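What follows is upload-v3.cif (mmCIF, C-alpha atoms and all ligand atoms).
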```cif
data_start
loop_
_atom_site.label_atom_id
_atom_site.label_comp_id
_atom_site.auth_asym_id
_atom_site.auth_seq_id
_atom_site.Cartn_x
_atom_site.Cartn_y
_atom_site.Cartn_z
CA MET A 1 -130.51 -138.50 76.26
CA ASN A 2 -127.72 -139.55 73.85
CA GLU A 3 -125.34 -142.45 74.43
CA SER A 4 -122.55 -140.28 75.92
CA GLU A 5 -125.01 -138.90 78.47
CA GLU A 6 -126.29 -142.39 79.30
CA LEU A 7 -122.74 -143.66 79.72
CA PHE A 8 -121.88 -140.65 81.89
CA ASP A 9 -124.91 -141.35 84.11
CA ARG A 10 -123.84 -144.95 84.55
CA ALA A 11 -120.22 -143.93 85.12
CA LYS A 12 -121.17 -141.40 87.82
CA LYS A 13 -122.75 -144.19 89.85
CA LEU A 14 -119.48 -146.13 90.06
CA ILE A 15 -116.56 -143.81 89.24
CA PRO A 16 -116.00 -140.60 91.26
CA GLY A 17 -117.28 -137.76 89.08
CA GLY A 18 -117.85 -140.33 86.34
CA VAL A 19 -114.26 -140.03 85.16
CA ASN A 20 -110.90 -141.66 85.64
CA SER A 21 -109.15 -138.32 85.38
CA PRO A 22 -110.82 -135.09 86.62
CA VAL A 23 -110.25 -132.85 83.60
CA ARG A 24 -112.35 -135.24 81.46
CA ALA A 25 -115.48 -134.28 83.41
CA PHE A 26 -115.78 -130.92 81.62
CA ARG A 27 -116.52 -129.29 84.99
CA SER A 28 -114.94 -125.96 84.09
CA VAL A 29 -116.51 -125.74 80.62
CA GLY A 30 -119.94 -127.14 81.48
CA GLY A 31 -122.09 -129.73 79.80
CA SER A 32 -121.86 -133.48 79.84
CA PRO A 33 -118.59 -134.92 78.47
CA PHE A 34 -118.70 -136.97 75.30
CA PHE A 35 -117.45 -140.54 75.32
CA THR A 36 -115.09 -141.60 72.56
CA ALA A 37 -115.80 -144.74 70.50
CA LYS A 38 -112.68 -144.57 68.33
CA ALA A 39 -109.86 -142.33 67.24
CA SER A 40 -108.05 -142.16 63.93
CA GLY A 41 -105.67 -139.60 62.47
CA CYS A 42 -106.56 -136.17 63.88
CA ARG A 43 -110.16 -137.13 64.59
CA LEU A 44 -112.16 -138.63 67.43
CA THR A 45 -115.50 -140.31 66.82
CA THR A 46 -117.88 -140.17 69.77
CA VAL A 47 -120.20 -143.02 70.78
CA ASP A 48 -122.93 -140.86 69.19
CA ASP A 49 -121.08 -140.96 65.89
CA THR A 50 -120.00 -137.32 66.00
CA GLU A 51 -116.63 -136.62 64.41
CA LEU A 52 -114.34 -134.09 66.05
CA ILE A 53 -111.04 -132.57 64.97
CA ASP A 54 -108.92 -133.30 68.02
CA TYR A 55 -106.60 -130.66 69.56
CA VAL A 56 -106.07 -132.68 72.76
CA CYS A 57 -104.29 -135.65 71.10
CA THR A 58 -104.85 -137.70 74.29
CA TRP A 59 -102.98 -134.87 76.16
CA GLY A 60 -99.86 -135.18 74.03
CA PRO A 61 -98.97 -138.80 73.11
CA ALA A 62 -100.65 -138.80 69.68
CA ILE A 63 -98.02 -136.71 67.87
CA HIS A 64 -98.46 -138.93 64.78
CA GLY A 65 -102.24 -138.81 65.08
CA HIS A 66 -104.40 -141.57 66.50
CA ASP A 67 -104.26 -145.23 65.47
CA HIS A 68 -101.17 -144.81 63.31
CA PRO A 69 -100.76 -148.04 61.30
CA ILE A 70 -97.06 -148.40 62.19
CA ILE A 71 -97.82 -148.13 65.92
CA ARG A 72 -100.83 -150.43 65.61
CA GLY A 73 -98.72 -152.99 63.75
CA ALA A 74 -95.93 -152.84 66.33
CA VAL A 75 -98.36 -153.42 69.18
CA SER A 76 -100.11 -156.28 67.42
CA ASP A 77 -96.74 -157.97 66.69
CA ALA A 78 -95.77 -157.60 70.36
CA LEU A 79 -99.19 -158.87 71.46
CA ALA A 80 -98.51 -162.18 69.70
CA ARG A 81 -95.58 -162.65 72.08
CA GLY A 82 -97.51 -161.93 75.29
CA THR A 83 -98.69 -158.86 77.19
CA SER A 84 -96.33 -158.78 80.17
CA PHE A 85 -93.34 -160.83 81.28
CA GLY A 86 -92.34 -159.48 84.69
CA THR A 87 -88.77 -159.99 83.54
CA SER A 88 -86.59 -157.73 81.42
CA GLY A 89 -87.15 -157.95 77.68
CA PRO A 90 -85.26 -156.79 74.58
CA ALA A 91 -87.60 -153.86 73.87
CA GLU A 92 -86.60 -152.13 77.13
CA VAL A 93 -82.97 -152.11 75.99
CA GLU A 94 -83.87 -150.54 72.65
CA MET A 95 -86.07 -147.94 74.37
CA ALA A 96 -83.18 -147.00 76.70
CA GLU A 97 -80.82 -146.76 73.71
CA ILE A 98 -83.18 -144.45 71.81
CA ILE A 99 -83.88 -142.15 74.78
CA THR A 100 -80.21 -141.83 75.78
CA GLU A 101 -79.26 -141.25 72.12
CA LEU A 102 -81.82 -138.49 71.57
CA VAL A 103 -82.26 -136.67 74.91
CA PRO A 104 -78.97 -134.80 75.35
CA SER A 105 -78.63 -134.85 79.16
CA VAL A 106 -79.83 -138.43 79.72
CA GLU A 107 -76.94 -140.85 80.30
CA LYS A 108 -79.01 -143.50 82.09
CA VAL A 109 -82.80 -143.98 82.16
CA ARG A 110 -85.39 -146.01 84.10
CA MET A 111 -88.82 -146.84 82.67
CA CYS A 112 -92.00 -146.50 84.76
CA ASN A 113 -95.72 -146.29 84.00
CA SER A 114 -96.77 -142.64 84.05
CA GLY A 115 -95.50 -139.09 84.08
CA THR A 116 -96.46 -138.91 87.74
CA GLU A 117 -94.22 -141.85 88.57
CA ALA A 118 -91.44 -140.24 86.56
CA THR A 119 -91.54 -136.95 88.48
CA MET A 120 -92.19 -138.64 91.85
CA SER A 121 -89.18 -140.91 91.35
CA SER A 122 -87.02 -138.00 90.17
CA ILE A 123 -87.82 -136.08 93.36
CA ARG A 124 -87.05 -139.09 95.57
CA LEU A 125 -83.81 -139.69 93.65
CA ALA A 126 -82.74 -136.05 94.03
CA ARG A 127 -83.45 -136.22 97.78
CA GLY A 128 -81.51 -139.48 98.07
CA PHE A 129 -78.59 -138.17 96.03
CA THR A 130 -78.25 -134.87 97.91
CA GLY A 131 -79.40 -135.98 101.37
CA ARG A 132 -81.57 -132.85 101.41
CA SER A 133 -85.37 -132.62 101.65
CA LYS A 134 -86.69 -129.31 100.25
CA ILE A 135 -88.00 -129.03 96.71
CA ILE A 136 -88.55 -125.84 94.71
CA LYS A 137 -91.43 -125.88 92.22
CA PHE A 138 -93.26 -123.11 90.38
CA SER A 139 -96.90 -122.07 90.75
CA GLY A 140 -99.03 -123.35 87.90
CA CYS A 141 -96.61 -126.08 86.93
CA TYR A 142 -98.19 -129.52 87.08
CA HIS A 143 -96.03 -132.59 87.56
CA GLY A 144 -98.72 -135.23 88.02
CA HIS A 145 -100.48 -136.05 91.29
CA VAL A 146 -97.35 -136.41 93.43
CA ASP A 147 -97.91 -135.53 97.11
CA SER A 148 -94.89 -133.22 97.29
CA LEU A 149 -95.88 -131.44 94.09
CA LEU A 150 -99.65 -130.98 94.39
CA VAL A 151 -98.94 -127.54 95.82
CA LYS A 152 -100.06 -124.61 93.64
CA ALA A 153 -100.34 -127.14 90.82
CA GLY A 154 -101.76 -126.56 87.34
CA SER A 155 -103.76 -128.73 84.94
CA GLY A 156 -106.82 -130.42 86.41
CA ALA A 157 -106.01 -129.26 89.96
CA LEU A 158 -106.06 -125.63 88.85
CA THR A 159 -109.03 -126.21 86.53
CA LEU A 160 -111.10 -127.42 89.48
CA GLY A 161 -109.96 -124.50 91.63
CA ASN A 162 -107.91 -126.55 94.09
CA PRO A 163 -104.28 -126.13 93.08
CA ASP A 164 -103.43 -127.25 96.62
CA SER A 165 -104.95 -130.70 96.94
CA ALA A 166 -106.54 -131.95 100.16
CA GLY A 167 -104.82 -134.94 101.69
CA ILE A 168 -101.31 -133.53 101.58
CA PRO A 169 -99.95 -133.47 105.18
CA GLU A 170 -98.53 -130.13 106.31
CA SER A 171 -95.27 -131.99 106.94
CA PHE A 172 -95.06 -132.74 103.19
CA ALA A 173 -96.18 -129.32 101.97
CA LYS A 174 -93.65 -127.50 104.16
CA GLU A 175 -90.84 -129.25 102.27
CA THR A 176 -92.08 -127.70 99.02
CA ILE A 177 -91.13 -124.10 98.23
CA VAL A 178 -93.41 -122.61 95.58
CA LEU A 179 -92.07 -119.69 93.53
CA PRO A 180 -93.41 -117.65 90.63
CA TYR A 181 -92.15 -118.85 87.23
CA ASN A 182 -89.98 -116.43 85.21
CA ASP A 183 -88.64 -114.67 88.35
CA LEU A 184 -84.95 -115.46 88.90
CA GLN A 185 -84.68 -113.13 91.90
CA ALA A 186 -87.24 -115.27 93.72
CA VAL A 187 -85.09 -118.34 93.07
CA GLU A 188 -81.96 -116.61 94.32
CA ASN A 189 -83.78 -115.45 97.46
CA ALA A 190 -85.11 -118.96 98.12
CA PHE A 191 -81.64 -120.46 97.86
CA ALA A 192 -80.22 -117.70 100.08
CA GLN A 193 -82.78 -118.60 102.74
CA SER A 194 -82.51 -122.40 102.50
CA ALA A 195 -79.36 -123.01 100.44
CA ASN A 196 -78.19 -126.29 101.90
CA GLU A 197 -81.68 -127.72 102.30
CA VAL A 198 -82.81 -127.66 98.65
CA ALA A 199 -82.54 -131.08 97.03
CA ALA A 200 -83.99 -130.10 93.67
CA VAL A 201 -85.68 -127.53 91.51
CA ILE A 202 -88.36 -129.11 89.34
CA VAL A 203 -89.78 -127.16 86.43
CA GLU A 204 -91.78 -127.61 83.28
CA PRO A 205 -89.22 -125.73 81.16
CA TYR A 206 -92.13 -124.47 79.04
CA PRO A 207 -95.07 -124.61 81.48
CA ALA A 208 -98.13 -125.94 79.66
CA ASN A 209 -100.50 -126.74 82.50
CA CYS A 210 -101.69 -123.22 83.23
CA GLY A 211 -101.99 -122.49 79.56
CA LEU A 212 -98.70 -122.27 77.63
CA ILE A 213 -96.06 -119.98 79.12
CA LEU A 214 -92.62 -119.38 77.62
CA PRO A 215 -89.46 -118.55 79.60
CA ARG A 216 -88.05 -115.04 79.61
CA GLU A 217 -84.62 -114.64 78.00
CA GLY A 218 -82.01 -116.23 80.29
CA TYR A 219 -84.50 -117.69 82.75
CA LEU A 220 -83.72 -121.38 82.23
CA GLU A 221 -80.00 -120.58 82.12
CA GLY A 222 -80.45 -118.81 85.45
CA LEU A 223 -82.17 -121.84 86.98
CA ARG A 224 -79.28 -123.99 85.78
CA LYS A 225 -76.71 -121.66 87.38
CA ALA A 226 -78.61 -121.35 90.66
CA CYS A 227 -78.82 -125.15 90.98
CA SER A 228 -75.14 -125.65 90.11
CA ASP A 229 -74.07 -122.90 92.54
CA ASN A 230 -76.12 -124.45 95.37
CA GLY A 231 -75.60 -128.17 94.78
CA ALA A 232 -79.26 -128.73 93.94
CA VAL A 233 -80.49 -131.13 91.22
CA LEU A 234 -82.24 -129.43 88.28
CA ILE A 235 -85.14 -131.55 87.08
CA PHE A 236 -86.81 -130.76 83.74
CA ASP A 237 -90.30 -132.18 83.63
CA GLU A 238 -90.46 -132.88 79.89
CA VAL A 239 -93.38 -135.30 80.16
CA MET A 240 -95.24 -133.02 77.75
CA THR A 241 -92.43 -131.33 75.80
CA GLY A 242 -90.18 -134.40 75.43
CA PHE A 243 -90.17 -135.49 71.76
CA ARG A 244 -93.02 -132.98 71.24
CA LEU A 245 -90.85 -129.89 70.62
CA GLY A 246 -87.95 -131.73 68.98
CA LEU A 247 -86.17 -135.05 69.42
CA GLY A 248 -84.26 -133.61 72.38
CA GLY A 249 -87.13 -131.56 73.79
CA VAL A 250 -86.63 -128.14 75.36
CA GLN A 251 -83.14 -129.02 76.58
CA GLU A 252 -82.01 -129.46 72.97
CA ARG A 253 -83.84 -126.30 71.79
CA THR A 254 -82.30 -124.14 74.54
CA GLY A 255 -79.01 -125.93 75.28
CA VAL A 256 -79.87 -125.83 79.00
CA MET A 257 -79.00 -129.23 80.43
CA PRO A 258 -80.90 -130.49 83.51
CA ASP A 259 -79.47 -133.14 85.84
CA LEU A 260 -82.62 -135.28 85.58
CA THR A 261 -85.45 -135.35 83.03
CA ALA A 262 -88.94 -136.78 83.46
CA LEU A 263 -90.60 -138.16 80.32
CA GLY A 264 -93.94 -139.72 79.42
CA LYS A 265 -96.78 -139.47 76.87
CA ILE A 266 -95.12 -139.64 73.42
CA ILE A 267 -92.55 -142.27 74.52
CA GLY A 268 -95.43 -144.71 75.10
CA GLY A 269 -97.14 -144.15 71.74
CA GLY A 270 -100.44 -143.88 73.61
CA LEU A 271 -99.88 -146.76 76.04
CA PRO A 272 -99.19 -146.22 79.77
CA VAL A 273 -95.58 -145.13 80.20
CA GLY A 274 -93.16 -142.84 81.99
CA ALA A 275 -89.40 -142.60 82.22
CA PHE A 276 -86.82 -140.62 84.15
CA GLY A 277 -83.14 -140.30 83.41
CA GLY A 278 -80.08 -138.12 83.60
CA ARG A 279 -76.55 -138.03 84.95
CA SER A 280 -75.15 -141.52 85.62
CA GLU A 281 -73.83 -140.59 89.07
CA ILE A 282 -77.36 -139.65 90.14
CA MET A 283 -79.16 -142.52 88.39
CA GLU A 284 -76.77 -145.03 89.98
CA CYS A 285 -78.23 -144.19 93.39
CA LEU A 286 -81.28 -146.20 92.28
CA ALA A 287 -81.91 -149.74 93.50
CA PRO A 288 -80.56 -152.32 92.89
CA LEU A 289 -77.29 -150.32 92.64
CA GLY A 290 -77.95 -147.72 95.31
CA PRO A 291 -80.16 -146.86 98.29
CA VAL A 292 -83.03 -145.07 96.50
CA TYR A 293 -85.83 -147.55 95.95
CA GLN A 294 -88.08 -147.39 92.88
CA ALA A 295 -89.93 -150.23 91.14
CA GLY A 296 -92.90 -151.19 88.98
CA THR A 297 -94.69 -154.40 88.01
CA LEU A 298 -95.35 -153.15 84.50
CA SER A 299 -92.32 -150.91 84.04
CA GLY A 300 -90.95 -151.52 80.55
CA ASN A 301 -94.11 -153.40 79.58
CA PRO A 302 -93.54 -155.01 76.16
CA LEU A 303 -96.69 -153.56 74.56
CA ALA A 304 -95.94 -150.02 75.78
CA MET A 305 -92.33 -150.39 74.65
CA ALA A 306 -93.46 -151.60 71.20
CA ALA A 307 -95.80 -148.62 70.78
CA GLY A 308 -93.24 -146.17 72.14
CA ILE A 309 -90.35 -147.49 70.06
CA ALA A 310 -92.48 -147.35 66.90
CA SER A 311 -93.42 -143.74 67.72
CA LEU A 312 -89.85 -142.67 68.49
CA ARG A 313 -88.39 -144.45 65.46
CA MET A 314 -90.82 -142.53 63.21
CA LEU A 315 -89.76 -139.26 64.85
CA ARG A 316 -86.07 -140.10 64.48
CA GLU A 317 -86.35 -141.28 60.87
CA LYS A 318 -88.56 -138.41 59.62
CA PRO A 319 -88.67 -135.59 62.21
CA PRO A 320 -92.05 -133.80 61.78
CA TYR A 321 -91.00 -130.71 63.72
CA GLU A 322 -90.60 -128.25 60.88
CA ARG A 323 -94.06 -129.08 59.54
CA LEU A 324 -95.57 -128.99 63.04
CA GLU A 325 -93.97 -125.58 63.66
CA GLU A 326 -95.32 -124.30 60.35
CA ILE A 327 -98.86 -125.55 60.91
CA GLY A 328 -98.83 -124.43 64.54
CA ASN A 329 -97.71 -120.99 63.51
CA LYS A 330 -100.36 -120.81 60.77
CA LEU A 331 -103.13 -121.68 63.21
CA ALA A 332 -101.92 -119.38 66.01
CA SER A 333 -101.36 -116.37 63.74
CA GLY A 334 -104.72 -116.99 62.08
CA ILE A 335 -106.47 -116.88 65.47
CA ARG A 336 -104.55 -113.73 66.43
CA GLU A 337 -105.66 -112.03 63.20
CA ILE A 338 -109.30 -112.90 63.88
CA ALA A 339 -109.04 -111.53 67.44
CA VAL A 340 -107.55 -108.26 66.15
CA GLU A 341 -110.30 -107.95 63.53
CA LYS A 342 -112.93 -108.47 66.24
CA GLY A 343 -111.15 -106.25 68.78
CA ILE A 344 -110.91 -109.10 71.29
CA PRO A 345 -108.04 -109.08 73.82
CA LEU A 346 -106.54 -112.50 73.08
CA GLN A 347 -103.02 -113.89 73.49
CA VAL A 348 -102.13 -117.03 71.51
CA PRO A 349 -98.71 -118.25 72.65
CA GLN A 350 -97.42 -120.98 70.34
CA VAL A 351 -94.29 -123.09 70.08
CA GLY A 352 -94.08 -125.97 67.62
CA SER A 353 -97.28 -128.02 67.84
CA MET A 354 -98.42 -126.44 71.13
CA PHE A 355 -100.57 -123.35 71.58
CA CYS A 356 -103.24 -121.96 73.88
CA LEU A 357 -105.78 -119.13 74.13
CA PHE A 358 -105.48 -116.56 76.93
CA PHE A 359 -108.25 -113.95 76.96
CA SER A 360 -105.99 -111.15 78.09
CA ASP A 361 -104.72 -107.89 76.62
CA GLN A 362 -101.22 -108.60 77.97
CA PRO A 363 -98.81 -111.46 77.27
CA VAL A 364 -98.99 -114.10 80.04
CA GLU A 365 -95.63 -114.84 81.66
CA ASN A 366 -96.62 -116.60 84.87
CA PHE A 367 -99.38 -118.33 86.81
CA GLU A 368 -100.68 -115.15 88.45
CA GLN A 369 -101.18 -113.51 85.05
CA ALA A 370 -102.75 -116.71 83.68
CA VAL A 371 -105.37 -116.87 86.43
CA SER A 372 -106.19 -113.19 86.06
CA SER A 373 -106.96 -113.62 82.36
CA ASP A 374 -110.65 -113.84 81.45
CA VAL A 375 -111.03 -117.58 82.07
CA ASP A 376 -114.82 -117.38 81.73
CA ALA A 377 -114.48 -116.14 78.15
CA PHE A 378 -113.00 -119.50 77.17
CA LYS A 379 -116.08 -121.54 78.11
CA PRO A 380 -118.51 -120.38 75.35
CA VAL A 381 -115.71 -120.63 72.77
CA PHE A 382 -115.02 -124.21 73.86
CA ARG A 383 -118.68 -125.14 73.71
CA ASP A 384 -119.32 -123.49 70.36
CA CYS A 385 -116.27 -125.18 68.83
CA LEU A 386 -117.31 -128.55 70.23
CA ALA A 387 -120.83 -128.15 68.85
CA ASN A 388 -119.23 -127.57 65.44
CA GLY A 389 -116.76 -130.43 65.40
CA ILE A 390 -113.64 -128.87 66.94
CA TYR A 391 -112.43 -130.38 70.24
CA LEU A 392 -110.22 -128.00 72.22
CA PRO A 393 -108.91 -129.06 75.68
CA PRO A 394 -111.85 -128.77 78.15
CA SER A 395 -110.06 -126.19 80.32
CA ALA A 396 -108.67 -122.68 79.92
CA TYR A 397 -105.58 -123.98 81.75
CA GLU A 398 -104.56 -126.63 79.26
CA THR A 399 -102.55 -126.47 76.05
CA CYS A 400 -103.71 -127.46 72.56
CA PHE A 401 -101.71 -130.05 70.61
CA ILE A 402 -101.38 -130.52 66.85
CA SER A 403 -100.35 -133.83 65.30
CA SER A 404 -98.77 -134.77 61.97
CA ALA A 405 -102.24 -135.93 60.95
CA HIS A 406 -103.63 -132.35 61.07
CA GLY A 407 -103.57 -130.96 57.52
CA ASP A 408 -104.29 -127.61 55.90
CA GLY A 409 -107.96 -128.57 55.54
CA GLU A 410 -108.34 -129.09 59.28
CA ILE A 411 -106.52 -125.82 60.02
CA SER A 412 -108.78 -123.82 57.67
CA ARG A 413 -111.89 -125.52 59.09
CA THR A 414 -110.69 -124.73 62.64
CA LEU A 415 -109.98 -121.07 61.83
CA GLU A 416 -113.41 -120.75 60.25
CA GLN A 417 -115.05 -122.19 63.32
CA ILE A 418 -113.01 -120.11 65.78
CA ARG A 419 -113.99 -117.00 63.82
CA LYS A 420 -117.65 -117.92 64.46
CA ALA A 421 -117.05 -118.88 68.08
CA LEU A 422 -115.19 -115.72 69.11
CA PRO A 423 -117.74 -113.09 70.24
P1 LIG A 501 -99.40 -138.62 83.96
O1 LIG A 501 -99.20 -139.16 85.37
O2 LIG A 501 -100.80 -138.05 83.77
O3 LIG A 501 -98.99 -139.62 82.87
O4 LIG A 501 -98.37 -137.39 83.77
C1 LIG A 501 -98.41 -136.34 84.71
C2 LIG A 501 -97.78 -135.11 84.10
C3 LIG A 501 -96.49 -134.77 84.48
N1 LIG A 501 -95.88 -133.68 83.96
C4 LIG A 501 -96.51 -132.90 83.05
C5 LIG A 501 -95.78 -131.71 82.50
C6 LIG A 501 -97.83 -133.20 82.63
O5 LIG A 501 -98.44 -132.39 81.74
C7 LIG A 501 -98.47 -134.33 83.16
C8 LIG A 501 -99.90 -134.71 82.78
N2 LIG A 501 -100.57 -133.83 81.88
C9 LIG A 501 -102.01 -133.74 82.03
C10 LIG A 501 -102.52 -132.75 80.98
N3 LIG A 501 -102.10 -131.44 81.23
C11 LIG A 501 -102.66 -135.08 81.92
C12 LIG A 501 -104.17 -135.03 81.67
C13 LIG A 501 -104.92 -135.58 82.85
O6 LIG A 501 -104.52 -135.34 84.00
O7 LIG A 501 -105.98 -136.24 82.59
#
```
Is it possible to express this structure as structure tokens?
Ligand code: KE4
Amino acid sequence: MNESEELFDRAKKLIPGGVNSPVRAFRSVGGSPFFTAKASGCRLTTVDDTELIDYVCTWGPAIHGHDHPIIRGAVSDALARGTSFGTSGPAEVEMAEIITELVPSVEKVRMCNSGTEATMSSIRLARGFTGRSKIIKFSGCYHGHVDSLLVKAGSGALTLGNPDSAGIPESFAKETIVLPYNDLQAVENAFAQSANEVAAVIVEPYPANCGLILPREGYLEGLRKACSDNGAVLIFDEVMTGFRLGLGGVQERTGVMPDLTALGKIIGGGLPVGAFGGRSEIMECLAPLGPVYQAGTLSGNPLAMAAGIASLRMLREKPPYERLEEIGNKLASGIREIAVEKGIPLQVPQVGSMFCLFFSDQPVENFEQAVSSDVDAFKPVFRDCLANGIYLPPSAYETCFISSAHGDGEISRTLEQIRKALP
């Protein structure tokens, strides 16, 4: 038994499933999960001293690679001034200034401690602002473990085969309308049936929790119009895509402006963080100004702000997006070429530094098509890659991330290994 296996055995005695987040248990890909001792650049080193090229990037935050010296330095400087104040501090003001400067639709922003808190608070705010209770979400989209949104959810919920979590009262679930992504008619029908009851539509503008799915031409614009026509709040969950696909995320790439945006991951530079923001008239419904309550002991924590500000300043000063697009494209097209050579039905959707593998002979445009792809085909590829130093996300329903620390050498090594791993 190696050290990861020993640690996993100990963990399973005290932590449900041995993990603090389900997807880490490797349940859908088999085998015992490795434990990480350290991370640097685009590599993880396991407690058994195995080095892995990392395409999970701690699920998105590590866009600069792990343990970036500028982020490390910022955190250590902040550490010398204390870990938490419980009062407001200067770093929160700078963080708000950067986010409102760079995310086009965000006029006011509130910090919190996770992407889940960001989407949960956005939903509550939309309900408080509109006085309505129904929410429209899309099957396969994952917005964190929010009661109202763990209905036909993606990510770990889908990976474990329970996209509808237990523990959600029927009274909650009936307020959530779940529609297929990329189907505007379904949205129009839903509004026609419950027009004045819909508080918000929440969407991952580029869903990346049931693999990576891209919007059909005009789809996001159609969501925008349907919300405006029906007085519903459009919420973009950009926890994953915010600052990942450009300084202004998907809303900048597409020009489609939501009313509220949920953020997380990259804005914390690897420390626990979330944020939600948008139109001032909506944000000003939040306590202490308005009747919608939201709070957090560690919201705007000085260490998380230091890491996040360092990360965002680097992105603003030297945007890596062209390079990430180029390297992402190189990797995705390389994998497609290998699949064609081998006659394997494989789709490799890619945008910027995000890509995924769907074992399907058709492009995947929604959750239903994602789950009917050959999910089992992913498992041996994952295991073979892992055994040869390439760490892909441990689920066919996640998205791979590339960081600025991934270079041509890593890409060639990865293509070589994927060529061996594909049957
Ligand atoms: P957190 O509460 O995990 O910080 O964020 C929830 C969340 C919200 N919205 C989107 C679009 C997300 O992707 C996430 C979290 N992403 C998953 C990975 N797909 C986190 C990994 C995990 O659950 O361990």
For a quick check of understanding, using all atoms listed in the file, which of A:Thr119, A:Thr159, A:Ser280, A:Thr87 has the smallest distance to ligand LIG 501 (chain A)?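 Closest to ligand LIG 501 (chain A) of all the choices is A:Thr119.
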Residues near region 343-348 of chain A, anyone? I mean within 9 Å using all atoms listed in the file, not counting same-chain ones fewer than 2 positions away, as a ChimeraX atom specification. /A:212,332-333,335-336,338-341,350,355-364,422-423
Nearby residues (all atoms listed in the file) at most 7 Å from region 170-183 of chain A, same-chain spacing under 6 positions excluded, as a PyMOL selection string: chain A and resi 133-139+148+151+215-216+219+365-366
The selected residues should be written to file as an mmCIF file, in the coordinates of the input (atoms: C-alpha atoms).
```
data_model
loop_
_atom_site.group_PDB
_atom_site.id
_atom_site.type_symbol
_atom_site.label_atom_id
_atom_site.label_comp_id
_atom_site.auth_asym_id
_atom_site.auth_seq_id
_atom_site.Cartn_x
_atom_site.Cartn_y
_atom_site.Cartn_z
ATOM 1 C CA SER A 133 -85.370 -132.620 101.650
ATOM 2 C CA LYS A 134 -86.690 -129.310 100.250
ATOM 3 C CA ILE A 135 -88.000 -129.030 96.710
ATOM 4 C CA ILE A 136 -88.550 -125.840 94.710
ATOM 5 C CA LYS A 137 -91.430 -125.880 92.220
ATOM 6 C CA PHE A 138 -93.260 -123.110 90.380
ATOM 7 C CA SER A 139 -96.900 -122.070 90.750
ATOM 8 C CA SER A 148 -94.890 -133.220 97.290
ATOM 9 C CA VAL A 151 -98.940 -127.540 95.820
ATOM 10 C CA PRO A 215 -89.460 -118.550 79.600
ATOM 11 C CA ARG A 216 -88.050 -115.040 79.610
ATOM 12 C CA TYR A 219 -84.500 -117.690 82.750
ATOM 13 C CA GLU A 365 -95.630 -114.840 81.660
ATOM 14 C CA ASN A 366 -96.620 -116.600 84.870
#
```
Contacts with ligand LIG 501 (chain A) at most 9 Å, only C-alpha atoms and all ligand atoms counted, listed as an mmCIF file with C-alpha atoms, in the coordinates of the input:
```cif
data_model
loop_
_atom_site.group_PDB
_atom_site.id
_atom_site.type_symbol
_atom_site.label_atom_id
_atom_site.label_comp_id
_atom_site.auth_asym_id
_atom_site.auth_seq_id
_atom_site.Cartn_x
_atom_site.Cartn_y
_atom_site.Cartn_z
ATOM 1 C CA ASN A 20 -110.900 -141.660 85.640
ATOM 2 C CA SER A 21 -109.150 -138.320 85.380
ATOM 3 C CA PRO A 22 -110.820 -135.090 86.620
ATOM 4 C CA VAL A 23 -110.250 -132.850 83.600
ATOM 5 C CA ARG A 24 -112.350 -135.240 81.460
ATOM 6 C CA VAL A 56 -106.070 -132.680 72.760
ATOM 7 C CA THR A 58 -104.850 -137.700 74.290
ATOM 8 C CA TRP A 59 -102.980 -134.870 76.160
ATOM 9 C CA GLY A 60 -99.860 -135.180 74.030
ATOM 10 C CA ASN A 113 -95.720 -146.290 84.000
ATOM 11 C CA SER A 114 -96.770 -142.640 84.050
ATOM 12 C CA GLY A 115 -95.500 -139.090 84.080
ATOM 13 C CA THR A 116 -96.460 -138.910 87.740
ATOM 14 C CA GLU A 117 -94.220 -141.850 88.570
ATOM 15 C CA ALA A 118 -91.440 -140.240 86.560
ATOM 16 C CA THR A 119 -91.540 -136.950 88.480
ATOM 17 C CA CYS A 141 -96.610 -126.080 86.930
ATOM 18 C CA TYR A 142 -98.190 -129.520 87.080
ATOM 19 C CA HIS A 143 -96.030 -132.590 87.560
ATOM 20 C CA GLY A 144 -98.720 -135.230 88.020
ATOM 21 C CA HIS A 145 -100.480 -136.050 91.290
ATOM 22 C CA VAL A 146 -97.350 -136.410 93.430
ATOM 23 C CA GLY A 154 -101.760 -126.560 87.340
ATOM 24 C CA SER A 155 -103.760 -128.730 84.940
ATOM 25 C CA GLY A 156 -106.820 -130.420 86.410
ATOM 26 C CA ALA A 157 -106.010 -129.260 89.960
ATOM 27 C CA VAL A 203 -89.780 -127.160 86.430
ATOM 28 C CA GLU A 204 -91.780 -127.610 83.280
ATOM 29 C CA PRO A 205 -89.220 -125.730 81.160
ATOM 30 C CA TYR A 206 -92.130 -124.470 79.040
ATOM 31 C CA PRO A 207 -95.070 -124.610 81.480
ATOM 32 C CA ALA A 208 -98.130 -125.940 79.660
ATOM 33 C CA ASN A 209 -100.500 -126.740 82.500
ATOM 34 C CA CYS A 210 -101.690 -123.220 83.230
ATOM 35 C CA ASP A 237 -90.300 -132.180 83.630
ATOM 36 C CA GLU A 238 -90.460 -132.880 79.890
ATOM 37 C CA VAL A 239 -93.380 -135.300 80.160
ATOM 38 C CA MET A 240 -95.240 -133.020 77.750
ATOM 39 C CA THR A 241 -92.430 -131.330 75.800
ATOM 40 C CA ALA A 262 -88.940 -136.780 83.460
ATOM 41 C CA LEU A 263 -90.600 -138.160 80.320
ATOM 42 C CA GLY A 264 -93.940 -139.720 79.420
ATOM 43 C CA LYS A 265 -96.780 -139.470 76.870
ATOM 44 C CA PRO A 272 -99.190 -146.220 79.770
ATOM 45 C CA VAL A 273 -95.580 -145.130 80.200
ATOM 46 C CA GLY A 274 -93.160 -142.840 81.990
ATOM 47 C CA TYR A 397 -105.580 -123.980 81.750
ATOM 48 C CA GLU A 398 -104.560 -126.630 79.260
ATOM 49 C CA THR A 399 -102.550 -126.470 76.050
#
```
